[in-house]
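**Q** Have a look at this one before I ask anything.
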Amino acid sequence: MDVEVQIPEGLLNKIVNAGIKMYPKEYGGFLIGFYSEDFKILHITETILPSEYRNSKYSFERSAKGIKGELKRLYSLNPKQYYVGEWHTHPDNSTQFSMTDLNAMIEITEYKTVGISNPTLMILSINKSGLNDFEFYVYNDKKLLRYE
Amino acid sequence: MAINKKEYLQEVLETHKMSHVNSLLDKYRDKRKSIKEALEDYYTDKIYSPLNSGSYAKHTAINTKFDLDVVVPFKKKSFSTLEEMFDDVFDFLNDTYGTEATVRKQKVSIGIIFYKDDDNHEISIDIVPGRELNEDQYNEDNKLNLYVNSKYGLLAEKTHLLTNIKAQIEHIKSKDNERKIIRLLKIWKSSNNEDYKSFLMELITVKAFDKDNISGNLWEMLESTMEYIRDNITKDGFTLSDPGNSGNNVADTLESWQKENLSTKMKNMLDRIEDNSDNLKIYFPVNPDFKEEDNTKSNEGYGVKTGASTFSVPTQNQRFG
Ligand SMILES: [Zn+2]
């Protein structure tokens, strides 16, 4: 893989703030964006927060209930925007993905209504008042590759 | 043997990527902070707080880069026209930073490109002035009207709402393309020991993009830009105005024989590449210091499953740890 991801600073702040509100529990959401014409750059444009979720300090389970309509609306825009991956926080922890995270990305990619084969996973290390660090991973062939 | 020109040029850009990052981000942030403070001191109650709207980019093979923009939301009554607003911000930034940076008008923003510092870092920050759409409503609706610089006459609308994602995306794309071509011409310049000023190559590329509606893939854009240089640099009255000092025609820094030379070089390159695409490698070599990675995989972009589209509905319930 030789790819790039771009996230607007404003969206990053929005995600961080949503994560901090749930501190010390994990929290997350869907990443929306589009690929450049040559499929080399992912421009992340938006996040959808889940309407239902369960979370604790070490886990986060989100439901996709009710997002299909929003995904359709986003896909009708110009340029088309679509589901490109997931984000979640690791409160007081590193940005390293867990085995659960990797398995989740495998399941997502293999899921029948998912058309993309390299979804992105964003993990944010946060504390109670701010962001420590964030990392993007791109899923490829049962592995998560880190962006430098 | 013929090569795929577009893919080859992509590789050239990738092997010449800059590799300095963390200290650079701090420098960006410091500069941006000082610009925001200067704007707040000067415009006081004519504006709402300037906000950051740039992006972070992360790449699987190269370092993070930044494209940091500052949006300056003006109050509805601050200026009677968007153009006055745009020009006033340009004048202010030019007066304030003109001695340490190139300040130039762009499509919807004013670019401040600081001269290289001791570490050879070149920091550029775009300032996007916007005026609230509805009086006193900015804090609630975040809607801004942007001025679209009329020399970019190809855009249909004269103004855009900042909330209009398309306008932002067009802005991002057009800048990405210009920058790639500028970098390729700089690679040509340094690899072939040409002594043309980088600044000149930048201005001429920007002008080519303005005048020629340059589009297509990387090779097509480079080709059109080179053709533009070939056909225009020697013309009487061809100007490249210095954005930092509009009275200064940067094209005049070349003697007429140097302009002829540049035009001929472009012509020769275009002809040789036309003869044989392999010649592209002579003019735009890959970086020999670049460490070989898994080259068989390096052309892979993001994938879409066979027979599928990018439209995806993810799993219903998913647990992360
Ligand atoms: Zn996790």
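Labeling convention for the structure tokens: chains A, B, ... as they appear, residues from 1 per chain, ligands from 1 in order of appearance.
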Write as number ranges by chain the residues around ligand 1, taking 12 Å as the cut-off and counting only C-alpha atoms and all ligand atoms.
**A** A: 25-28, 55-61, 86-105, 121-125, 134-137; B: 318-321
**Q** If you run DSSP on the backbone, which residues of segment 3-34 of chain A are alpha helix (DSSP H), as a count of residues only?
**A** 14
**Q** Can you pull out the residues contacting Tyr83 of chain A? Cut-off 7 Å, using only C-alpha atoms, and skip same-chain residues under 2 positions away; I want them as a list in words.
**A**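 Listed by chain and then number, they are Leu31, Ile32, Gly33 and Gly85 of chain A; Phe311 and Ser312 of chain B.
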**Q** Find the distance between atom CA of Glu110 of chain A and atom CA of Thr315 of chain B and write it in Å to one decimal.
**A**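 Calculated distance between atom CA of Glu110 of chain A and atom CA of Thr315 of chain B is 9.4 Å.
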**Q** Leaving out Phe199 of chain B and any residue of its chain fewer than 3 positions from it, which residues lie within 12 Å of it when counting only C-alpha atoms, given as a list in words?
**A**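 Non-adjacent residues within range: Ala101, Thr102, Ile113, Phe114, Tyr115, Lys116, Ile182, Arg183, Leu185, Lys186, Lys189, Asp195, Tyr196, Glu202, Leu203, Ile204, Thr205, Val206, Leu240, Ser241, Asp242, Pro243, Gly244, Asn249, Val250, Ala251 and Thr253 of chain B.
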**Q** With a cut-off of 7 Å and counting only C-alpha atoms, select all residues of chain A in contact with chain B and give the selection as a PDB file with C-alpha atoms, in the first residue's frame.
**A**
ATOM      1  CA  MET A   1       0.000   0.000   0.000  1.00  0.00           C
ATOM      2  CA  ASP A   2       1.201   3.451  -0.831  1.00  0.00           C
ATOM      3  CA  VAL A   3      -1.514   5.776   0.274  1.00  0.00           C
ATOM      4  CA  GLU A   4      -2.186   8.945   2.162  1.00  0.00           C
ATOM      5  CA  VAL A   5      -4.970  10.134   4.411  1.00  0.00           C
ATOM      6  CA  GLN A   6      -5.971  13.719   5.080  1.00  0.00           C
ATOM      7  CA  ILE A   7      -8.191  14.968   7.840  1.00  0.00           C
ATOM      8  CA  PRO A   8      -9.242  18.583   8.309  1.00  0.00           C
ATOM      9  CA  GLU A   9      -8.097  20.037  11.564  1.00  0.00           C
ATOM     10  CA  GLY A  10     -11.638  21.130  12.399  1.00  0.00           C
ATOM     11  CA  PHE A  39      -7.241   6.162  -5.191  1.00  0.00           C
ATOM     12  CA  LYS A  40      -4.018   7.306  -3.537  1.00  0.00           C
ATOM     13  CA  TYR A  58     -11.404  -0.754  27.581  1.00  0.00           C
ATOM     14  CA  SER A  59     -14.062  -1.379  25.014  1.00  0.00           C
ATOM     15  CA  PHE A  60     -16.429   0.296  22.631  1.00  0.00           C
ATOM     16  CA  GLU A  61     -19.251  -1.323  20.719  1.00  0.00           C
ATOM     17  CA  ARG A  62     -21.154   0.731  18.211  1.00  0.00           C
ATOM     18  CA  SER A  63     -24.277   0.000  16.275  1.00  0.00           C
ATOM     19  CA  ALA A  64     -24.844   1.071  12.689  1.00  0.00           C
ATOM     20  CA  LYS A  65     -28.554   1.391  13.321  1.00  0.00           C
ATOM     21  CA  LYS A  68     -28.048   3.932   6.019  1.00  0.00           C
ATOM     22  CA  ASN A  78     -20.707  15.805  -5.495  1.00  0.00           C
ATOM     23  CA  TYR A  82     -18.998   7.383   1.655  1.00  0.00           C
ATOM     24  CA  TYR A  83     -18.092   5.184   4.587  1.00  0.00           C
ATOM     25  CA  SER A  98      -5.690  -4.275  19.880  1.00  0.00           C
ATOM     26  CA  THR A 100     -10.123  -6.877  18.955  1.00  0.00           C
ATOM     27  CA  ASP A 101      -9.580  -3.835  16.727  1.00  0.00           C
ATOM     28  CA  ALA A 104     -13.244  -5.831  13.883  1.00  0.00           C
ATOM     29  CA  ILE A 108     -16.003  -5.082   8.462  1.00  0.00           C
ATOM     30  CA  TYR A 111     -18.969  -7.854   5.305  1.00  0.00           C
ATOM     31  CA  THR A 113     -22.421  -4.609   2.006  1.00  0.00           C
ATOM     32  CA  VAL A 114     -18.955  -3.113   2.384  1.00  0.00           C
ATOM     33  CA  GLY A 115     -17.571  -2.269  -1.071  1.00  0.00           C
ATOM     34  CA  ILE A 116     -14.212  -0.860  -0.064  1.00  0.00           C
ATOM     35  CA  SER A 117     -11.372  -3.264   0.614  1.00  0.00           C
ATOM     36  CA  ASN A 118      -9.012  -0.996   2.549  1.00  0.00           C
ATOM     37  CA  ARG A 146       0.343   2.364  10.090  1.00  0.00           C
ATOM     38  CA  TYR A 147       0.614   5.665   8.300  1.00  0.00           C
ATOM     39  CA  GLU A 148       3.906   7.347   9.191  1.00  0.00           C
TER      40      GLU A 148
END
**Q** So how far away is atom CA of Ile67 of chain A from atom CA of Glu52 of chain A, in Å?
**A**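 For atom CA of Glu52 of chain A relative to atom CA of Ile67 of chain A, the distance reads 10.7 Å.
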